[in-house]
Every structure is written in structure tokens, then in C-alpha cells.
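What follows is the content of query_11.cif (mmCIF, C-alpha atoms).
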data_query
loop_
_atom_site.label_atom_id
_atom_site.label_comp_id
_atom_site.auth_asym_id
_atom_site.auth_seq_id
_atom_site.Cartn_x
_atom_site.Cartn_y
_atom_site.Cartn_z
CA MET A 1 4.64 11.69 43.28
CA GLU A 2 7.10 13.74 41.24
CA ILE A 3 8.00 17.43 41.20
CA CYS A 4 7.72 18.74 37.63
CA VAL A 5 9.37 22.04 36.75
CA VAL A 6 8.09 23.20 33.37
CA GLU A 7 9.96 25.95 31.55
CA LEU A 8 7.40 28.00 29.65
CA GLY A 9 7.95 29.46 26.21
CA GLN A 10 7.95 33.26 26.05
CA ARG A 11 6.62 33.89 22.56
CA TYR A 12 3.01 33.29 23.66
CA PRO A 13 3.16 33.52 27.47
CA CYS A 14 -0.62 33.45 28.04
CA LEU A 15 -1.04 30.33 25.91
CA ALA A 16 2.03 28.67 27.41
CA ARG A 17 0.55 28.99 30.90
CA GLU A 18 -2.88 27.79 29.74
CA GLU A 19 -1.33 24.78 28.03
CA ALA A 20 0.71 23.86 31.11
CA MET A 21 -2.41 24.01 33.28
CA ALA A 22 -4.37 21.93 30.75
CA LEU A 23 -1.69 19.24 30.66
CA ALA A 24 -1.55 19.27 34.45
CA GLU A 25 -5.30 18.58 34.50
CA ILE A 26 -4.88 15.64 32.12
CA GLY A 27 -2.00 14.27 34.20
CA ARG A 28 -3.85 14.73 37.54
CA CYS A 29 -1.21 17.17 38.76
CA GLU A 30 -1.47 19.77 41.49
CA PRO A 31 0.00 23.22 40.78
CA ALA A 32 2.58 24.39 43.29
CA GLU A 33 3.67 27.60 41.58
CA VAL A 34 2.87 29.14 38.21
CA GLY A 35 5.03 32.07 37.22
CA ALA A 36 5.98 33.94 34.08
CA ARG A 37 8.83 31.64 33.07
CA TYR A 38 8.28 28.44 35.07
CA ALA A 39 5.37 26.39 36.35
CA VAL A 40 5.86 23.81 39.09
CA PHE A 41 3.51 20.87 39.62
CA THR A 42 3.27 17.78 41.80
CA CYS A 43 2.31 14.88 39.53
CA PRO A 44 2.12 11.08 39.40
CA SER A 45 4.46 11.48 36.40
CA CYS A 46 6.09 14.39 34.54
CA GLU A 47 5.71 12.53 31.24
CA ILE A 48 2.50 14.38 30.30
CA PHE A 49 4.39 17.66 29.84
CA LYS A 50 6.60 16.19 27.13
CA ARG A 51 3.73 16.56 24.66
CA ALA A 52 3.59 20.34 25.19
CA SER A 53 3.87 22.54 22.11
CA LEU A 54 4.95 25.78 23.81
CA ALA A 55 6.95 24.63 26.86
CA LYS A 56 10.72 24.49 26.45
CA SER A 57 11.76 21.86 28.98
CA VAL A 58 10.65 19.65 31.87
CA ASN A 59 13.02 19.32 34.82
CA GLY A 60 15.79 20.63 32.59
CA GLU A 61 15.20 18.11 29.80
CA ARG A 62 14.43 19.87 26.52
CA ILE A 63 11.10 18.95 24.93
CA ARG A 64 11.49 17.58 21.41
CA LYS A 65 8.87 18.74 18.93
CA GLU A 66 8.70 16.49 15.90
CA LYS A 67 6.94 17.80 12.82
CA PRO A 68 4.39 15.20 11.68
CA GLN A 69 4.73 13.74 8.22
CA ILE A 70 1.32 14.56 6.77
CA GLU A 71 0.08 15.99 3.49
CA ARG A 72 -0.21 19.77 3.61
CA SER A 73 -1.69 22.62 1.63
CA THR A 74 -1.73 26.40 2.05
CA LYS A 75 -4.79 25.93 4.29
CA THR A 76 -3.13 23.47 6.67
CA LEU A 77 -2.73 24.69 10.24
CA ASP A 78 0.85 24.59 11.50
CA TYR A 79 1.62 21.61 13.72
CA ILE A 80 2.62 23.69 16.78
CA THR A 81 -0.76 25.44 16.89
CA ALA A 82 -2.59 22.19 16.08
CA ARG A 83 -0.95 20.41 19.02
CA LEU A 84 -1.52 23.44 21.25
CA MET A 85 -5.27 23.42 20.58
CA VAL A 86 -5.44 19.68 21.21
CA ASN A 87 -3.69 20.13 24.55
CA LEU A 88 -5.91 23.05 25.56
CA ALA A 89 -8.95 20.84 24.87
CA ARG A 90 -7.61 18.27 27.37
CA VAL A 91 -7.52 15.50 24.79
CA ALA A 92 -6.36 12.27 26.41
CA GLU A 93 -6.15 8.64 25.35
CA GLY A 94 -9.63 7.44 24.50
CA SER A 95 -11.13 10.94 24.16
CA ARG A 96 -13.80 11.38 21.49
CA ILE A 97 -13.32 14.69 19.72
CA TRP A 98 -15.37 16.65 17.21
CA GLU A 99 -13.39 18.78 14.78
CA PRO A 100 -16.00 20.88 12.97
CA PHE A 101 -13.56 22.50 10.52
CA VAL A 102 -11.31 19.53 9.92
CA GLY A 103 -9.79 20.92 6.71
CA THR A 104 -6.77 18.84 5.70
CA GLY A 105 -6.63 17.13 9.08
CA ALA A 106 -3.76 18.80 10.96
CA VAL A 107 -5.64 18.99 14.27
CA ALA A 108 -7.22 15.57 13.73
CA HIS A 109 -3.76 14.08 13.24
CA GLU A 110 -2.58 15.60 16.53
CA VAL A 111 -5.64 14.23 18.32
CA GLU A 112 -4.71 10.76 17.15
CA ARG A 113 -1.06 11.21 18.11
CA VAL A 114 -2.11 11.57 21.76
CA GLY A 115 -4.58 8.68 21.62
CA GLY A 116 -7.87 10.41 20.85
CA TYR A 117 -10.54 9.57 18.28
CA VAL A 118 -11.78 12.17 15.79
CA VAL A 119 -15.07 12.85 14.09
CA GLY A 120 -14.20 15.50 11.52
CA THR A 121 -16.57 17.54 9.38
CA ASP A 122 -16.01 20.18 6.70
CA LEU A 123 -17.66 21.60 3.60
CA ASP A 124 -14.46 21.65 1.54
CA LEU A 125 -14.50 18.35 -0.33
CA GLU A 126 -10.98 18.77 -1.73
CA ALA A 127 -9.58 19.30 1.78
CA LEU A 128 -11.54 16.30 3.06
CA PHE A 129 -9.83 14.00 0.56
CA MET A 130 -6.52 15.05 2.08
CA ALA A 131 -7.88 14.74 5.63
CA ARG A 132 -8.87 11.14 4.95
CA ARG A 133 -5.24 10.42 4.11
CA ASN A 134 -3.98 12.24 7.20
CA THR A 135 -6.27 10.66 9.78
CA SER A 136 -7.96 7.34 10.47
CA GLY A 137 -10.98 8.92 12.17
CA ASP A 138 -14.44 9.44 10.72
CA VAL A 139 -14.41 12.31 8.23
CA ALA A 140 -17.56 13.53 6.48
CA GLN A 141 -18.75 16.47 4.42
CA ALA A 142 -21.10 18.39 6.70
CA ASN A 143 -21.87 21.89 7.89
CA ALA A 144 -20.38 22.82 11.27
CA VAL A 145 -23.70 24.23 12.41
CA LEU A 146 -25.62 21.12 11.29
CA PRO A 147 -23.34 18.21 12.25
CA PRO A 148 -24.54 14.60 12.08
CA LEU A 149 -23.80 14.10 15.79
CA ARG A 150 -25.90 13.08 18.77
CA GLY A 151 -23.74 14.42 21.61
CA GLY A 152 -21.70 13.07 24.49
CA LEU A 153 -18.34 13.97 22.97
CA ASP A 154 -15.42 14.90 25.21
CA ALA A 155 -14.36 18.07 23.39
CA ALA A 156 -14.62 20.13 20.23
CA VAL A 157 -11.55 21.69 18.64
CA GLY A 158 -11.68 23.91 15.60
CA ASP A 159 -10.03 26.57 13.49
CA PRO A 160 -12.95 28.18 11.61
CA PRO A 161 -12.44 29.32 8.02
CA TYR A 162 -11.55 32.99 7.89
CA GLY A 163 -9.17 35.24 6.04
CA ARG A 164 -8.04 34.86 2.45
CA LEU A 165 -7.28 31.14 2.35
CA ALA A 166 -10.67 29.76 3.38
CA LYS A 167 -14.26 30.84 2.97
CA SER A 168 -17.56 30.03 4.61
CA GLU A 169 -21.15 30.65 3.61
CA LEU A 170 -21.66 32.47 6.92
CA GLU A 171 -19.94 35.67 8.05
CA ILE A 172 -17.26 34.69 10.57
CA ARG A 173 -18.97 36.16 13.65
CA ALA A 174 -22.23 34.39 12.85
CA LEU A 175 -20.38 31.16 12.05
CA ILE A 176 -18.51 31.12 15.37
CA GLN A 177 -21.63 32.01 17.34
CA GLU A 178 -23.66 29.22 15.74
CA PHE A 179 -20.80 26.74 16.04
CA ALA A 180 -20.49 27.51 19.76
CA GLU A 181 -24.20 26.96 20.27
CA VAL A 182 -23.98 23.58 18.54
CA ALA A 183 -20.81 22.64 20.45
CA SER A 184 -22.60 23.26 23.75
CA ARG A 185 -25.06 20.53 22.77
CA VAL A 186 -22.68 17.89 21.41
CA VAL A 187 -19.91 18.25 24.01
CA LYS A 188 -20.67 16.73 27.38
CA ARG A 189 -20.74 18.71 30.61
CA GLY A 190 -17.21 19.42 31.79
CA GLY A 191 -15.77 19.00 28.30
CA TYR A 192 -13.85 21.73 26.53
CA VAL A 193 -14.47 23.72 23.37
CA VAL A 194 -11.32 25.29 21.91
CA PHE A 195 -11.41 27.41 18.78
CA ALA A 196 -9.53 30.20 17.05
CA SER A 197 -10.87 33.41 15.58
CA PRO A 198 -9.64 36.67 14.07
CA ILE A 199 -9.01 39.46 16.56
CA TYR A 200 -12.14 41.42 15.64
CA VAL A 201 -14.47 38.64 16.85
CA ASP A 202 -14.73 39.58 20.51
CA MET A 203 -16.16 37.13 23.07
CA PRO A 204 -15.27 38.66 26.46
CA ALA A 205 -17.16 36.01 28.46
CA LEU A 206 -14.65 33.34 27.45
CA ARG A 207 -11.08 32.76 28.51
CA SER A 208 -8.79 33.71 25.64
CA CYS A 209 -5.19 34.30 24.65
CA VAL A 210 -3.75 36.12 21.65
CA MET A 211 -1.26 34.74 19.13
CA TYR A 212 0.74 37.24 17.11
CA LEU A 213 1.28 35.77 13.64
CA HIS A 214 2.95 38.35 11.40
CA GLY A 215 2.52 41.92 10.22
CA GLY A 216 -0.66 43.17 11.85
CA LEU A 217 -2.29 39.73 11.93
CA TYR A 218 -3.38 38.17 15.23
CA ARG A 219 -5.28 35.03 16.13
CA VAL A 220 -7.31 34.69 19.32
CA VAL A 221 -7.61 31.24 20.87
CA TYR A 222 -10.70 30.74 23.03
CA ILE A 223 -10.93 28.09 25.75
CA TRP A 224 -14.40 27.29 27.03
CA ARG A 225 -15.50 24.62 29.48
CA VAL A 226 -19.10 23.53 29.00
CA SER A 227 -20.87 23.77 32.35
CA ASN A 228 -24.33 22.69 31.27
CA ARG A 229 -25.33 21.01 28.07
CA GLY A 230 -26.95 23.41 25.64
CA GLU A 231 -26.17 26.51 27.71
CA GLY A 232 -24.76 28.45 24.72
CA LEU A 233 -22.43 31.42 24.84
CA GLY A 234 -25.07 33.83 26.02
CA SER A 235 -25.18 32.24 29.47
CA THR A 236 -21.53 31.28 29.78
CA PRO A 237 -19.97 32.76 32.94
CA CYS A 238 -16.77 34.74 32.62
CA LEU A 239 -13.75 32.47 32.95
CA CYS A 240 -11.13 35.13 32.41
CA LYS A 241 -10.23 36.23 35.95
CA SER A 242 -6.51 36.23 35.22
CA ALA A 243 -6.57 36.68 31.45
CA ALA A 244 -6.14 40.14 29.95
CA PRO A 245 -8.62 41.21 27.25
CA ALA A 246 -7.30 40.81 23.75
CA SER A 247 -6.70 44.53 23.24
CA ARG A 248 -4.54 44.75 26.36
CA GLU A 249 -2.56 41.69 25.35
CA ILE A 250 -1.90 43.18 21.90
CA ASP A 251 -0.77 46.44 23.50
CA ALA A 252 1.64 44.48 25.69
CA HIS A 253 3.02 42.66 22.65
CA LEU A 254 3.55 45.88 20.72
CA SER A 255 5.29 47.51 23.69
CA SER A 256 7.68 44.59 24.15
CA SER A 257 8.58 44.52 20.45
CA ARG A 258 9.53 48.20 20.22
#
Rewrite the coordinates I just gave you, this time as C-alpha cells.
Amino acid sequence: MEICVVELGQRYPCLAREEAMALAEIGRCEPAEVGARYAVFTCPSCEIFKRASLAKSVNGERIRKEKPQIERSTKTLDYITARLMVNLARVAEGSRIWEPFVGTGAVAHEVERVGGYVVGTDLDLEALFMARRNTSGDVAQANAVLPPLRGGLDAAVGDPPYGRLAKSELEIRALIQEFAEVASRVVKRGGYVVFASPIYVDMPALRSCVMYLHGGLYRVVYIWRVSNRGEGLGSTPCLCKSAAPASREIDAHLSSSR
């Protein structure tokens, strides 16, 4: 066994801790100490932490973050956030992942980089053409709330369309609610559902962390472990014992930036 000292990034401290814990779970590590700047684990190998998007170093060795060479558009999620969401979903080699809002394939590409297999769906046909060039997984035009899937997948990872650059037929709150209900049926028990939303979509029953983007724009990343197939969000127990509500986290960010 090895002692792994992970230096956490400070830009998104909540997400950095969540990512470290997620990678520790993939690597079958036991946490020894998790603080504000460092997390210490006992692991079979420290190698798993080298795929982190927000950690700075492992045992003093700086983590290299290589930007993937994929086709991009104004709608393409940045590669740091794409890798972060993949890590939070506990994607490992051989994992079967549903990406309901595959877009141009940034998240799908990161899934494949860590050995997972993607089934990607989207309504945007133009984006799908690009996604097919960015990933070797199965990509199809389909509605996120009516996916052509039977179930048994290991995780679902998605960045729903919201804001000025992407549109959906459903209002964003309704879209996320329906997507979550579907995800609870297609992701197996114990699997993770990770998705982003604008700050005004509040789901207090789920563990979440806030990302400050720019200006007054924030993104909330939700991390949900499916306990029972088909349980839906309405019956999901609160997972946020140590996570501050989004409003408190924003207040903390504003105070630190003054």
C-alpha cells in the first residue's frame, strides 16, 4: 500500500475535495485525512490521482493536464470541467456511460480517455456530427427524457442545454427533473449521476458544489448516487452533510474575492 498526499486546487475547493474522494473510490483507497489544501489516502497505487482535473500534485509531483485535440465549437464544454464531471461519476476502465446531452462530445471524449464506453444522445444534429468525430462511442439523435436505453449503465454524466448558447424544448428546471427521473431508471443501483445546472435550479436533496465562471455567472455541479432503481429525485435522501448550500458557497466566494 502507498501513502498518497494530494494537493487540492483552491479555485473550486468543494469540487476539488469531491473529485479527490471520487478518485479514491475508483482506486480503492482509504482516506486518512481530508483537509482544505491536502487530502491523504492509503492506496494500492497513487496513479489514479494523476487523472485529476483540479488537484495540483500527488506526493509533490505536479499533475500534468493535457488539453485534448478535439473539434470544438462555442458550445463545447471546457476540458477541465469535462474531466472533472467524468471523475465525479466514478468512470473507470470498462464503465458504460450515458451522456444525455452529448453535444460536440467533450465529456464523451474524456470518458474514453479513462477507458469508459459512451452512449451519447442529443437533439442537436449539427453538434452530433462533430461528436461522431470526437468519440468512437455510440452517438444518436434522441431526447434526453426519452432515450433508447434499457438500463444497467454504470453512470450518467451531462451538461444540460441552458443559457444563450444552447436551447431545449423544455424549460431548464423541467428538463433536469425529467432527466433525473430517467437517469434513475437507466443507471444501475450504486451508480452515479453527475450533471450541471444554472444556479437558480435548486435541488437541496443532492450533494452539490458551485463553480464560479465569470461576471455573475455560476454553475452548480450535482453528484447523486442512485440507491434504488427508479427512485427519482423526490425520494432521494440528502447527501449533503458536509456540503454548504449553493447560496452559502456563493457568499463565501464573494467574500474571499473582495
- [ ] Name the residues within 10 Å of (-9.2, 23.5, 20.7), counting only C-alpha atoms in the file's coordinates, and put them as a ChimeraX atom specification.
- [x] /A:81-91,97-99,107,155-159,192-196,221-224
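When the PyMOL selection byres ((chain A and resi 197) around 10) is evaluated against the file, it yields A:Gly158, A:Asp159, A:Pro160, A:Pro161, A:Tyr162, A:Gly163, A:Ile172, A:Arg173, A:Ile176, A:Phe195, A:Ala196, A:Pro198, A:Ile199, A:Tyr200, A:Val201, A:Asp202, A:Met203, A:Val210, A:Tyr218, A:Arg219, A:Val220, A:Val221, A:Tyr222.
Closest approach to Glu178 in chain A from the set A:Ser208, A:Ser45, A:Ser227, A:Asn143 is made by A:Asn143, with distances taken over only C-alpha atoms.
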- [ ] Using CA of Ala183 in chain A and CA of Gly27 in chain A as the two end points, give the distance in Å to one decimal.
- [x] 24.8 Å
Open item on the list: Considering all atoms listed in the file, can you say which of A:Arg96, A:Leu54, A:Val145, A:Ala32 comes closest to Ala20 in chain A?
Closed with: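 Of A:Arg96, A:Leu54, A:Val145, A:Ala32, the one nearest Ala20 in chain A, counting all atoms listed in the file, is A:Leu54.
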Task: Gap from CA of Met211 in chain A to CA of Val102 in chain A - Å, one decimal - done: 20.4 Å
TODO: Kindly provide, as a VMD selection string, the polymer residues lying within 12 Å of (-13.4, 8.9, 22.0), counting all atoms listed in the file and using the coordinates exactly as they appear in the file.
DONE: chain A and resid 91 to 98 111 to 112 114 to 119 137 to 138 151 to 156 187 to 188
TODO: Have a look at A:Ala108, A:Gln177, A:Pro147, A:Thr135 and name the one nearest to Thr121 in chain A; count all atoms listed in the file.
DONE: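 Among the listed residues, A:Pro147 lies closest to Thr121 in chain A.
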TODO: Step by step, work through what the PyMOL selection byres ((chain A and resi 66) around 12) selects in the shown file, and finish by giving those residues as JSON, numbers by chain.
DONE: {"A": [50, 51, 52, 53, 63, 64, 65, 67, 68, 69, 70, 79, 80, 83, 110, 113]}
- [ ] Find, counting all atoms listed in the file, the residue in A:Leu175, A:Ala24, A:Ala106, A:Ala16 that gets nearest to Arg133 in chain A.
- [x]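 Ranking A:Leu175, A:Ala24, A:Ala106, A:Ala16 by distance to Arg133 in chain A, first place goes to A:Ala106.
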If I only have part of range 30-50 of chain A, can you fill in N, CA, C and O atoms and write it as a JSON list (two decimals), in the coordinates of the input?
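Okay, result_19.json is ready:
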[["chain", "number", "residue", "atom", "x", "y", "z"],
["A", 30, "GLU", "N", -1.09, 18.65, 40.66],
["A", 30, "GLU", "CA", -1.47, 19.77, 41.49],
["A", 30, "GLU", "C", -0.47, 20.90, 41.29],
["A", 30, "GLU", "O", 0.74, 20.67, 41.41],
["A", 31, "PRO", "N", -0.93, 22.11, 40.98],
["A", 31, "PRO", "CA", 0.00, 23.22, 40.78],
["A", 31, "PRO", "C", 0.60, 23.68, 42.10],
["A", 31, "PRO", "O", -0.11, 23.84, 43.10],
["A", 32, "ALA", "N", 1.90, 23.87, 42.12],
["A", 32, "ALA", "CA", 2.58, 24.39, 43.29],
["A", 32, "ALA", "C", 2.91, 25.85, 43.11],
["A", 32, "ALA", "O", 2.79, 26.66, 44.04],
["A", 33, "GLU", "N", 3.33, 26.21, 41.89],
["A", 33, "GLU", "CA", 3.67, 27.60, 41.58],
["A", 33, "GLU", "C", 3.61, 27.79, 40.07],
["A", 33, "GLU", "O", 4.16, 26.99, 39.32],
["A", 34, "VAL", "N", 2.94, 28.83, 39.64],
["A", 34, "VAL", "CA", 2.87, 29.14, 38.21],
["A", 34, "VAL", "C", 3.32, 30.58, 38.02],
["A", 34, "VAL", "O", 2.63, 31.52, 38.44],
["A", 35, "GLY", "N", 4.48, 30.75, 37.42],
["A", 35, "GLY", "CA", 5.03, 32.07, 37.22],
["A", 35, "GLY", "C", 5.11, 32.43, 35.75],
["A", 35, "GLY", "O", 4.52, 31.76, 34.90],
["A", 36, "ALA", "N", 5.86, 33.47, 35.45],
["A", 36, "ALA", "CA", 5.98, 33.94, 34.08],
["A", 36, "ALA", "C", 6.87, 33.04, 33.23],
["A", 36, "ALA", "O", 6.61, 32.84, 32.04],
["A", 37, "ARG", "N", 7.89, 32.45, 33.84],
["A", 37, "ARG", "CA", 8.83, 31.64, 33.07],
["A", 37, "ARG", "C", 8.78, 30.15, 33.43],
["A", 37, "ARG", "O", 9.16, 29.31, 32.61],
["A", 38, "TYR", "N", 8.32, 29.84, 34.63],
["A", 38, "TYR", "CA", 8.28, 28.44, 35.07],
["A", 38, "TYR", "C", 6.96, 28.14, 35.75],
["A", 38, "TYR", "O", 6.35, 29.01, 36.38],
["A", 39, "ALA", "N", 6.53, 26.89, 35.62],
["A", 39, "ALA", "CA", 5.37, 26.39, 36.35],
["A", 39, "ALA", "C", 5.80, 25.10, 37.04],
["A", 39, "ALA", "O", 6.47, 24.25, 36.43],
["A", 40, "VAL", "N", 5.45, 24.97, 38.30],
["A", 40, "VAL", "CA", 5.86, 23.81, 39.09],
["A", 40, "VAL", "C", 4.62, 23.03, 39.52],
["A", 40, "VAL", "O", 3.67, 23.62, 40.03],
["A", 41, "PHE", "N", 4.65, 21.73, 39.30],
["A", 41, "PHE", "CA", 3.51, 20.87, 39.62],
["A", 41, "PHE", "C", 3.98, 19.64, 40.40],
["A", 41, "PHE", "O", 5.13, 19.21, 40.27],
["A", 42, "THR", "N", 3.07, 19.08, 41.17],
["A", 42, "THR", "CA", 3.27, 17.78, 41.80],
["A", 42, "THR", "C", 2.40, 16.78, 41.05],
["A", 42, "THR", "O", 1.17, 16.94, 41.00],
["A", 43, "CYS", "N", 3.03, 15.78, 40.44],
["A", 43, "CYS", "CA", 2.31, 14.88, 39.53],
["A", 43, "CYS", "C", 2.66, 13.41, 39.80],
["A", 43, "CYS", "O", 3.74, 13.10, 40.31],
["A", 44, "PRO", "N", 1.76, 12.51, 39.40],
["A", 44, "PRO", "CA", 2.12, 11.08, 39.40],
["A", 44, "PRO", "C", 3.30, 10.82, 38.47],
["A", 44, "PRO", "O", 4.12, 9.94, 38.71],
["A", 45, "SER", "N", 3.37, 11.60, 37.37],
["A", 45, "SER", "CA", 4.46, 11.48, 36.40],
["A", 45, "SER", "C", 4.60, 12.80, 35.65],
["A", 45, "SER", "O", 3.60, 13.46, 35.36],
["A", 46, "CYS", "N", 5.84, 13.16, 35.32],
["A", 46, "CYS", "CA", 6.09, 14.39, 34.54],
["A", 46, "CYS", "C", 5.98, 14.14, 33.05],
["A", 46, "CYS", "O", 6.12, 15.08, 32.25],
["A", 47, "GLU", "N", 5.71, 12.91, 32.65],
["A", 47, "GLU", "CA", 5.71, 12.53, 31.24],
["A", 47, "GLU", "C", 4.69, 13.32, 30.42],
["A", 47, "GLU", "O", 4.93, 13.63, 29.25],
["A", 48, "ILE", "N", 3.56, 13.69, 31.03],
["A", 48, "ILE", "CA", 2.50, 14.38, 30.30],
["A", 48, "ILE", "C", 2.98, 15.69, 29.69],
["A", 48, "ILE", "O", 2.55, 16.09, 28.60],
["A", 49, "PHE", "N", 3.94, 16.36, 30.33],
["A", 49, "PHE", "CA", 4.39, 17.66, 29.84],
["A", 49, "PHE", "C", 5.29, 17.55, 28.61],
["A", 49, "PHE", "O", 5.55, 18.55, 27.93],
["A", 50, "LYS", "N", 5.73, 16.36, 28.29],
["A", 50, "LYS", "CA", 6.60, 16.19, 27.13],
["A", 50, "LYS", "C", 5.84, 16.31, 25.82],
["A", 50, "LYS", "O", 6.45, 16.36, 24.75]]
